[in-house]
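A.B. asks: So here's upload33.cif, just mmCIF, C-alpha atoms:
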```cif
data_model
loop_
_atom_site.label_atom_id
_atom_site.label_comp_id
_atom_site.auth_asym_id
_atom_site.auth_seq_id
_atom_site.Cartn_x
_atom_site.Cartn_y
_atom_site.Cartn_z
CA MET A 19 30.45 -16.35 -73.57
CA SER A 20 27.77 -14.25 -71.91
CA ALA A 21 25.44 -12.04 -73.86
CA TRP A 22 26.71 -8.73 -72.48
CA ARG A 23 30.28 -9.52 -73.42
CA GLN A 24 29.18 -10.38 -76.91
CA ALA A 25 27.51 -6.99 -77.04
CA GLY A 26 30.90 -5.40 -76.45
CA LEU A 27 30.62 -4.59 -72.76
CA ASN A 28 33.19 -5.54 -70.19
CA TYR A 29 32.42 -6.55 -66.65
CA ILE A 30 32.88 -2.99 -65.38
CA ASN A 31 30.21 -1.60 -67.71
CA TYR A 32 27.97 -4.55 -67.00
CA SER A 33 28.13 -4.23 -63.22
CA ASN A 34 27.76 -0.44 -63.39
CA ILE A 35 24.58 -0.76 -65.40
CA ALA A 36 23.31 -3.32 -62.91
CA ALA A 37 24.20 -1.01 -60.02
CA LYS A 38 22.45 1.91 -61.69
CA MET A 39 19.29 -0.15 -62.10
CA LEU A 40 19.46 -1.27 -58.49
CA ARG A 41 19.86 2.33 -57.28
CA ARG A 42 16.89 3.45 -59.30
CA SER A 43 14.67 0.72 -57.95
CA LEU A 44 15.30 1.59 -54.31
CA LYS A 45 12.65 3.09 -52.07
CA PRO A 46 12.52 6.90 -52.38
CA ASP A 47 14.06 7.68 -48.99
CA LEU A 48 17.09 5.53 -49.73
CA ARG A 49 17.24 6.44 -53.37
CA THR A 50 18.35 10.06 -52.99
CA GLU A 51 21.32 9.00 -50.90
CA ALA A 52 22.23 6.23 -53.32
CA LEU A 53 21.88 8.42 -56.40
CA ARG A 54 24.44 10.78 -54.97
CA ARG A 55 27.01 8.02 -55.38
CA ASP A 56 25.96 7.60 -58.96
CA ALA A 57 28.01 10.46 -60.32
CA SER A 58 31.32 10.75 -62.03
CA HIS A 59 33.26 13.81 -63.10
CA VAL A 60 36.58 12.47 -64.29
CA ARG A 61 37.79 13.17 -67.80
CA ILE A 62 40.24 10.93 -69.59
CA THR A 63 42.51 12.27 -72.30
CA PRO A 64 44.56 9.78 -74.29
CA TRP A 65 48.10 10.89 -75.13
CA THR A 66 50.21 9.95 -78.09
CA ASP A 67 53.88 10.87 -78.56
CA GLY A 68 53.91 13.08 -75.51
CA LYS A 69 50.93 15.20 -76.58
CA PRO A 70 47.22 15.07 -75.78
CA ALA A 71 45.61 13.17 -78.63
CA HIS A 72 42.46 15.22 -79.09
CA SER A 73 43.02 18.11 -81.43
CA GLN A 74 40.20 20.28 -80.10
CA LYS A 75 41.82 20.26 -76.67
CA ALA A 76 45.18 21.23 -78.15
CA ALA A 77 43.51 24.04 -80.06
CA ALA A 78 41.90 25.33 -76.90
CA LYS A 79 45.30 25.71 -75.33
CA MET B 4 61.23 74.76 -52.85
CA LEU B 5 64.90 74.49 -53.82
CA GLY B 6 64.85 77.86 -55.64
CA ARG B 7 63.28 79.64 -52.72
CA ILE B 8 65.97 78.72 -50.21
CA GLY B 9 68.85 79.55 -52.53
CA SER B 10 72.00 78.62 -50.57
CA GLY B 11 73.62 75.39 -51.87
CA ALA B 12 74.62 73.82 -48.56
CA CYS B 13 71.24 74.50 -47.06
CA THR B 14 69.30 72.89 -49.89
CA GLN B 15 71.39 69.76 -49.55
CA VAL B 16 70.57 69.40 -45.85
CA VAL B 17 66.89 69.99 -46.49
CA ALA B 18 66.92 67.42 -49.29
CA VAL B 19 68.57 64.80 -47.08
CA VAL B 20 66.10 65.38 -44.26
CA ASN B 21 63.27 65.26 -46.73
CA THR B 22 64.25 61.93 -48.25
CA GLN B 23 64.86 60.41 -44.86
CA GLN B 24 61.50 61.55 -43.67
CA ASN B 25 59.89 60.25 -46.83
CA ARG B 26 61.63 56.92 -46.47
CA ASN B 27 60.59 56.52 -42.88
CA MET B 28 57.02 57.45 -43.61
CA ALA B 29 57.08 55.07 -46.56
CA THR B 30 58.47 52.17 -44.55
CA LEU B 31 55.79 52.66 -41.97
CA LYS B 32 53.19 52.50 -44.71
CA HIS B 33 54.92 49.57 -46.36
CA ILE B 34 55.06 47.66 -43.12
CA SER B 35 51.39 48.21 -42.46
CA MET B 36 50.58 47.08 -45.99
CA ARG B 37 52.64 43.93 -45.60
CA LEU B 38 51.09 43.32 -42.21
CA LYS B 39 47.65 43.55 -43.75
CA SER B 40 48.46 41.17 -46.58
CA VAL B 41 50.05 38.61 -44.26
CA LYS B 42 46.98 38.80 -42.06
CA ASN B 43 44.80 38.13 -45.08
CA ILE B 44 46.95 35.17 -46.08
CA GLN B 45 46.67 33.79 -42.59
CA LYS B 46 42.91 34.07 -42.75
CA ILE B 47 42.89 32.20 -46.06
CA THR B 48 45.16 29.40 -44.86
CA GLN B 49 43.14 29.06 -41.68
CA SER B 50 39.90 28.68 -43.55
CA MET B 51 41.52 26.24 -46.00
CA LYS B 52 42.60 24.22 -43.02
CA MET B 53 39.05 24.15 -41.68
CA VAL B 54 37.70 23.08 -45.06
CA SER B 55 40.21 20.29 -45.49
CA ALA B 56 39.62 19.15 -41.91
CA ALA B 57 35.95 18.68 -42.74
CA LYS B 58 36.80 16.96 -46.01
CA TYR B 59 39.34 14.80 -44.25
CA THR B 60 36.82 13.40 -41.74
CA ARG B 61 34.58 12.42 -44.58
CA ALA B 62 37.44 10.94 -46.60
CA GLU B 63 38.55 8.85 -43.67
CA ARG B 64 35.05 7.51 -43.15
CA ASP B 65 34.81 6.68 -46.85
CA LEU B 66 38.21 5.04 -46.76
CA LYS B 67 37.13 2.58 -44.10
CA ALA B 68 34.31 1.45 -46.35
CA ALA B 69 36.57 1.21 -49.38
CA ARG B 70 39.36 -0.75 -47.75
CA PRO B 71 37.84 -4.25 -48.25
CA TYR B 72 37.69 -3.65 -52.02
CA GLY B 73 41.41 -3.15 -52.35
CA GLU B 74 42.49 -5.68 -49.77
CA GLY B 75 40.26 -8.37 -51.25
CA ALA B 76 41.67 -7.84 -54.69
CA VAL B 77 45.27 -7.89 -53.48
CA GLN B 78 44.64 -11.04 -51.43
CA PHE B 79 43.53 -12.91 -54.52
CA TYR B 80 46.82 -12.19 -56.25
CA GLU B 81 48.77 -13.12 -53.16
CA ARG B 82 46.96 -16.39 -52.49
CA ALA B 83 47.17 -17.47 -56.09
CA GLU B 84 50.84 -16.43 -56.12
CA VAL B 85 50.52 -14.57 -59.36
CA GLN B 86 53.87 -13.54 -60.73
CA ALA B 87 54.74 -11.05 -63.38
CA PRO B 88 56.09 -12.72 -66.51
CA GLU B 89 59.84 -12.27 -66.60
CA ASN B 90 60.26 -12.05 -70.33
CA ASP B 91 57.55 -9.42 -70.75
CA THR B 92 59.02 -6.01 -70.13
CA LYS B 93 55.87 -4.09 -70.96
CA GLN B 94 54.83 -2.43 -67.74
CA LEU B 95 52.13 0.02 -66.84
CA TYR B 96 52.35 2.50 -64.00
CA VAL B 97 49.31 4.34 -62.77
CA ALA B 98 50.07 7.46 -60.72
CA ILE B 99 47.22 8.33 -58.40
CA THR B 100 47.34 12.04 -57.52
CA SER B 101 44.84 14.87 -57.87
CA ASP B 102 44.35 18.25 -59.52
CA ARG B 103 44.76 20.28 -56.38
CA GLY B 104 47.97 21.56 -54.89
CA LEU B 105 48.89 23.16 -51.55
CA CYS B 106 49.04 19.83 -49.80
CA GLY B 107 52.66 19.17 -48.98
CA ALA B 108 54.54 16.46 -50.81
CA VAL B 109 51.77 13.98 -51.65
CA HIS B 110 51.97 14.50 -55.40
CA THR B 111 55.73 14.83 -55.64
CA GLY B 112 56.15 11.62 -53.63
CA VAL B 113 54.11 9.57 -56.08
CA SER B 114 55.73 11.19 -59.10
CA LYS B 115 59.18 10.61 -57.64
CA VAL B 116 58.59 6.86 -57.38
CA ILE B 117 57.68 6.74 -61.05
CA ARG B 118 60.53 9.05 -62.04
CA PHE B 119 63.07 6.82 -60.34
CA ARG B 120 61.61 3.78 -62.09
CA LEU B 121 61.80 5.55 -65.45
CA GLN B 122 65.44 6.46 -64.87
CA GLU B 123 66.42 2.83 -64.47
CA PRO B 124 67.61 0.83 -67.50
CA GLY B 125 64.92 -0.95 -69.50
CA ALA B 126 62.39 1.80 -68.99
CA GLU B 127 61.55 2.11 -72.70
CA ASN B 128 58.59 -0.22 -72.45
CA ILE B 129 57.09 1.37 -69.38
CA LYS B 130 53.98 3.42 -69.92
CA VAL B 131 52.40 5.76 -67.44
CA ILE B 132 48.82 6.79 -66.82
CA CYS B 133 48.60 10.01 -64.83
CA VAL B 134 45.53 10.34 -62.67
CA GLY B 135 45.33 13.97 -61.61
CA ASP B 136 46.87 17.04 -63.20
CA LYS B 137 49.65 17.31 -60.64
CA SER B 138 51.44 14.12 -61.65
CA ARG B 139 51.03 15.08 -65.28
CA ALA B 140 52.58 18.48 -64.64
CA ILE B 141 55.57 16.87 -62.93
CA LEU B 142 56.10 14.02 -65.39
CA GLN B 143 55.29 15.63 -68.72
CA ARG B 144 58.44 17.70 -68.99
CA LEU B 145 60.89 14.83 -69.08
CA TYR B 146 58.81 11.73 -69.61
CA SER B 147 55.92 12.85 -71.81
CA LYS B 148 56.72 10.02 -74.24
CA HIS B 149 55.77 7.50 -71.56
CA ILE B 150 52.37 8.98 -70.78
CA ILE B 151 49.55 7.18 -72.56
CA SER B 152 46.65 8.93 -70.94
CA VAL B 153 45.81 11.60 -68.41
CA VAL B 154 42.81 11.66 -66.12
CA ASN B 155 41.72 14.94 -64.58
CA GLU B 156 38.92 16.52 -62.58
CA ILE B 157 40.10 14.49 -59.59
CA GLY B 158 40.07 15.95 -56.10
CA ARG B 159 37.29 18.50 -56.31
CA LEU B 160 34.77 15.98 -55.06
CA PRO B 161 35.38 12.73 -53.23
CA PRO B 162 36.04 9.91 -55.69
CA THR B 163 33.16 7.56 -56.51
CA PHE B 164 33.20 4.00 -57.76
CA LEU B 165 31.96 5.28 -61.09
CA ASP B 166 35.08 7.44 -61.35
CA ALA B 167 37.21 4.41 -60.61
CA SER B 168 35.42 2.28 -63.16
CA LYS B 169 35.86 4.97 -65.80
CA ILE B 170 39.59 5.00 -65.10
CA ALA B 171 39.71 1.20 -65.12
CA SER B 172 37.89 1.13 -68.45
CA GLY B 173 40.37 3.69 -69.69
CA ILE B 174 43.23 1.41 -68.65
CA LEU B 175 41.64 -1.61 -70.32
CA THR B 176 40.82 0.19 -73.55
CA SER B 177 44.09 2.12 -73.76
CA GLY B 178 45.31 -0.47 -76.25
CA TYR B 179 48.49 -1.01 -74.28
CA ASP B 180 49.00 -4.72 -73.75
CA PHE B 181 50.99 -4.71 -70.51
CA GLY B 182 52.49 -7.79 -68.89
CA SER B 183 52.44 -6.34 -65.40
CA GLY B 184 52.19 -3.02 -63.68
CA LYS B 185 51.68 -1.04 -60.56
CA ILE B 186 49.27 1.49 -59.17
CA ILE B 187 51.31 4.01 -57.18
CA TYR B 188 49.35 5.89 -54.56
CA ASN B 189 49.71 7.44 -51.11
CA LYS B 190 48.69 5.05 -48.41
CA PHE B 191 47.09 6.80 -45.48
CA LYS B 192 48.62 5.85 -42.13
CA SER B 193 47.49 8.50 -39.68
CA VAL B 194 46.55 12.17 -39.67
CA VAL B 195 50.17 13.18 -39.81
CA SER B 196 51.67 10.45 -41.96
CA TYR B 197 51.28 8.72 -45.28
CA ALA B 198 53.63 6.72 -47.44
CA GLN B 199 53.90 5.85 -51.10
CA SER B 200 52.63 2.37 -51.71
CA ASP B 201 51.68 0.25 -54.69
CA LEU B 202 49.07 -2.23 -55.83
CA PRO B 203 50.00 -4.87 -58.41
CA LEU B 204 48.50 -5.12 -61.88
CA PHE B 205 48.76 -8.29 -63.92
CA SER B 206 47.78 -9.42 -67.35
CA GLN B 207 45.21 -12.15 -67.70
CA LYS B 208 47.82 -14.56 -68.98
CA SER B 209 49.97 -14.28 -65.88
CA VAL B 210 46.92 -14.95 -63.70
CA GLU B 211 46.10 -18.07 -65.70
CA ASP B 212 49.69 -19.28 -65.32
CA ALA B 213 49.71 -18.68 -61.55
CA PRO B 214 51.00 -21.75 -59.67
CA LYS B 215 48.35 -21.79 -56.97
CA LEU B 216 45.32 -20.83 -58.97
CA ALA B 217 43.83 -24.21 -58.08
CA THR B 218 43.10 -22.82 -54.60
CA TYR B 219 40.11 -21.22 -56.25
CA ASP B 220 37.36 -23.39 -57.59
CA SER B 221 35.59 -23.41 -60.95
CA LEU B 222 37.55 -20.80 -62.80
CA ASP B 223 37.46 -20.59 -66.52
CA SER B 224 39.03 -17.84 -68.56
CA ASP B 225 35.70 -16.03 -68.82
CA VAL B 226 35.34 -15.80 -65.05
CA ILE B 227 38.96 -14.76 -64.67
CA GLN B 228 38.56 -12.05 -67.26
CA SER B 229 35.46 -10.68 -65.51
CA TYR B 230 37.14 -10.84 -62.14
CA MET B 231 40.28 -9.13 -63.43
CA GLU B 232 38.22 -6.28 -64.78
CA PHE B 233 36.29 -5.90 -61.58
CA SER B 234 39.38 -6.16 -59.38
CA LEU B 235 41.11 -3.51 -61.47
CA ALA B 236 38.20 -1.14 -60.88
CA SER B 237 38.08 -1.87 -57.18
CA MET B 238 41.84 -1.45 -56.75
CA VAL B 239 41.69 1.90 -58.54
CA PHE B 240 38.78 2.85 -56.30
CA TYR B 241 40.69 1.88 -53.18
CA ALA B 242 43.80 3.72 -54.33
CA LEU B 243 41.75 6.84 -55.10
CA LYS B 244 40.21 6.76 -51.64
CA GLU B 245 43.54 6.26 -49.89
CA SER B 246 45.11 9.02 -51.90
CA ALA B 247 42.20 11.42 -51.29
CA CYS B 248 42.42 10.79 -47.57
CA SER B 249 46.18 11.32 -47.40
CA GLU B 250 45.86 14.42 -49.54
CA GLN B 251 43.33 16.02 -47.24
CA SER B 252 45.25 15.13 -44.11
CA SER B 253 48.43 16.46 -45.67
CA ARG B 254 46.71 19.67 -46.73
CA MET B 255 45.46 20.06 -43.19
CA THR B 256 49.01 19.85 -41.82
CA ALA B 257 50.38 22.08 -44.56
CA MET B 258 47.77 24.76 -43.94
CA ASP B 259 48.27 24.52 -40.19
CA ASN B 260 51.99 25.13 -40.68
CA ALA B 261 51.29 27.98 -43.06
CA SER B 262 48.99 29.68 -40.55
CA LYS B 263 51.57 29.20 -37.84
CA ASN B 264 54.29 30.74 -40.01
CA ALA B 265 52.01 33.62 -40.93
CA GLY B 266 51.40 34.16 -37.21
CA GLU B 267 55.14 34.37 -36.62
CA MET B 268 55.50 36.85 -39.46
CA ILE B 269 52.66 38.93 -38.07
CA ASP B 270 54.33 39.06 -34.66
CA LYS B 271 57.63 40.18 -36.16
CA LEU B 272 56.00 42.73 -38.43
CA THR B 273 53.92 44.20 -35.61
CA LEU B 274 57.07 44.60 -33.56
CA THR B 275 58.95 46.41 -36.34
CA PHE B 276 55.83 48.41 -37.12
CA ASN B 277 55.55 49.65 -33.55
CA ARG B 278 59.28 50.35 -33.33
CA THR B 279 59.24 52.36 -36.53
CA ARG B 280 56.16 54.24 -35.42
CA GLN B 281 57.85 55.17 -32.15
CA ALA B 282 61.02 56.16 -33.97
CA VAL B 283 59.02 58.43 -36.23
CA ILE B 284 57.22 60.03 -33.27
CA THR B 285 60.49 60.54 -31.41
CA ARG B 286 62.11 62.09 -34.42
CA GLU B 287 59.21 64.42 -35.01
CA LEU B 288 59.33 65.50 -31.36
CA ILE B 289 63.04 66.16 -31.64
CA GLU B 290 62.44 68.22 -34.75
CA ILE B 291 59.73 70.27 -33.08
CA ILE B 292 61.74 70.85 -29.90
CA SER B 293 64.91 71.77 -31.74
CA GLY B 294 62.89 74.03 -33.99
CA ALA B 295 61.43 75.75 -30.92
CA ALA B 296 64.90 76.01 -29.37
CA ALA B 297 66.24 77.58 -32.54
CA LEU B 298 63.50 80.22 -32.47
CA ASN B 299 64.53 81.23 -28.93
#
```
Hey, can you dump this file as structure tokens for me?

C.D. replies:
Amino acid sequence: MSAWRQAGLNYINYSNIAAKMLRRSLKPDLRTEALRRDASHVRITPWTDGKPAHSQKAAAK
Amino acid sequence: MLGRIGSGACTQVVAVVNTQQNRNMATLKHISMRLKSVKNIQKITQSMKMVSAAKYTRAERDLKAARPYGEGAVQFYERAEVQAPENDTKQLYVAITSDRGLCGAVHTGVSKVIRFRLQEPGAENIKVICVGDKSRAILQRLYSKHIISVVNEIGRLPPTFLDASKIASGILTSGYDFGSGKIIYNKFKSVVSYAQSDLPLFSQKSVEDAPKLATYDSLDSDVIQSYMEFSLASMVFYALKESACSEQSSRMTAMDNASKNAGEMIDKLTLTFNRTRQAVITRELIEIISGAAALN
């Protein structure tokens, strides 16, 4: 078993960290363009029994 | 005014004329107000169309780059002839939609596919992950028990691979041990057409039991697990891109139709506006002339 999996990462985390490092080590003119792809805005809310699981979100509603 | 004139019959006539005049004046004003608001709406829909046209060109360009990710992943499952285990009824459906509306039937189409599946017998073990607020809004009323997580903030910006990997991680860590599943999304065909399509999801066990896995060399369960995780992320990414592209193209058509309809309304309203204006002028002229005639 590889070291990163033992540390509790899955392949998605592992490859994303690798990609992030690669983007940061690019030459400056390419880096700005690449860093723009390095963003994520999605929010995931787990649901249980037909309700959003997080209480603070339910309170906000 | 009523007290001054005195005679009963006369007041009645004056009152009738007054209300009629008021009504006509009012309709003229009402029509011009409606005309103004429809014109504003047309301006809004036109600019929304322009915006989504620009977004659409970008989405289509992005889609071309993203296509190999999804196709590669699907090809692996096809070549290895992976089959869903028959005795495992635990299924996972991922609905790929977005947060934004006003784009025709893209979201309802995806939700409908899932709704029909949930109406069939044996749907108790099916769980749904809603990507985008629109599918959640449609599914939560009747099938909220099936939803295990909701992803939002989709559709404002073009989806990135990081978004997809977050969703994929969410699927993997949801704690739901599915035997098979499907990603339901809108597959982009052309500017004017899209269709609901699906990508398969499998558990690791069904991949390991695949009859033609030997086509691929040097696979151990570690490699398969890593590949499954990566292919899940890339399929989600591909589905997000397809769905974003169809959404923008559909919004473009929807807004184009809306502007066209607003144009028709404006034509009709201008016609009635002009007619009413003329009628009012004519009536005023008649009143003045008959008043002058009465004085003589």

A.B. asks: Residues near stretch 37-54 of chain A, anyone? I mean within 12 Å using all atoms listed in the file, not counting same-chain ones fewer than 5 positions away, as a PyMOL selection string.

C.D. replies: (chain A and resi 29-32) or (chain B and resi 160-165)

A.B. asks: Give me, as a ChimeraX atom specification, the residues of chain A touching chain B, with the criterion being at most 6 Å (counting all atoms listed in the file).

C.D. replies: /A:29-30,58,60-65,67-68

A.B. asks: Taking (66.0, -3.7, -67.7) in the coordinates of the supplied file, I want to know which residues reach to within 12 Å of it, counting all atoms listed in the file; could you give the answer as number ranges by chain?

C.D. replies: B: 89-94, 120-129

A.B. asks: With only C-alpha atoms as the counted atoms, please give the residues lying no more than 10 Å from stretch 263-273 of chain B, apart from itself and same-chain residues fewer than 6 positions off, as a PyMOL selection string.

C.D. replies: chain B and resi 34-35+37-46+48-49+257+279

A.B. asks: Can you work out the spacing between atom CA of B:Lys58 and atom CA of B:Arg254 in Å, to one decimal?

C.D. replies: 10.3 Å

A.B. asks: Would you translate the PyMOL selection byres ((chain B and resi 113) around 10) into the concrete set of residues it matches in this file, as an MDAnalysis selection string?

C.D. replies: chainID B and resid 97:100 108:112 114:118 138 186:189 198:201 246

A.B. asks: Given 4 Å of margin on each side, can you work out the centre and size in Å (one decimal) of an axis-aligned box holding every listed atom of stretch 45-50 of chain A, as lines of an AutoDock Vina configuration file?

C.D. replies:
```
center_x = 15.4
center_y = 6.6
center_z = -51.2
size_x = 13.8
size_y = 15.0
size_z = 12.4
```

A.B. asks: Just to confirm, what's the straight-line distance from atom CA of B:Ala213 to atom CA of B:Ile227 in Å (one decimal)?

C.D. replies: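 So the two atoms, atom CA of B:Ala213 and atom CA of B:Ile227, lie 11.9 Å apart.
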
A.B. asks: What residues come out when you apply the PyMOL selection byres ((chain B and resi 66) around 9) to this file, written as a PyMOL selection string?

C.D. replies: chain B and resi 61-65+67-70+241+244-245+247-248

A.B. asks: To verify the selection step, state as a list in words which residues the PyMOL selection byres ((chain A and resi 19) around 12) yields on this input.

C.D. replies: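 Taken over the shown coordinates, the PyMOL selection byres ((chain A and resi 19) around 12) returns Ser20, Ala21, Trp22, Arg23, Gln24, Ala25, Gly26, Leu27 and Asn28 of chain A; Asp223, Ser224, Asp225, Val226, Gln228 and Ser229 of chain B.
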
A.B. asks: So what do you get for atom CA of B:Lys192 versus atom CA of B:Ser252, distance-wise?

C.D. replies: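 Distance reported for this atom pair: 10.1 Å.
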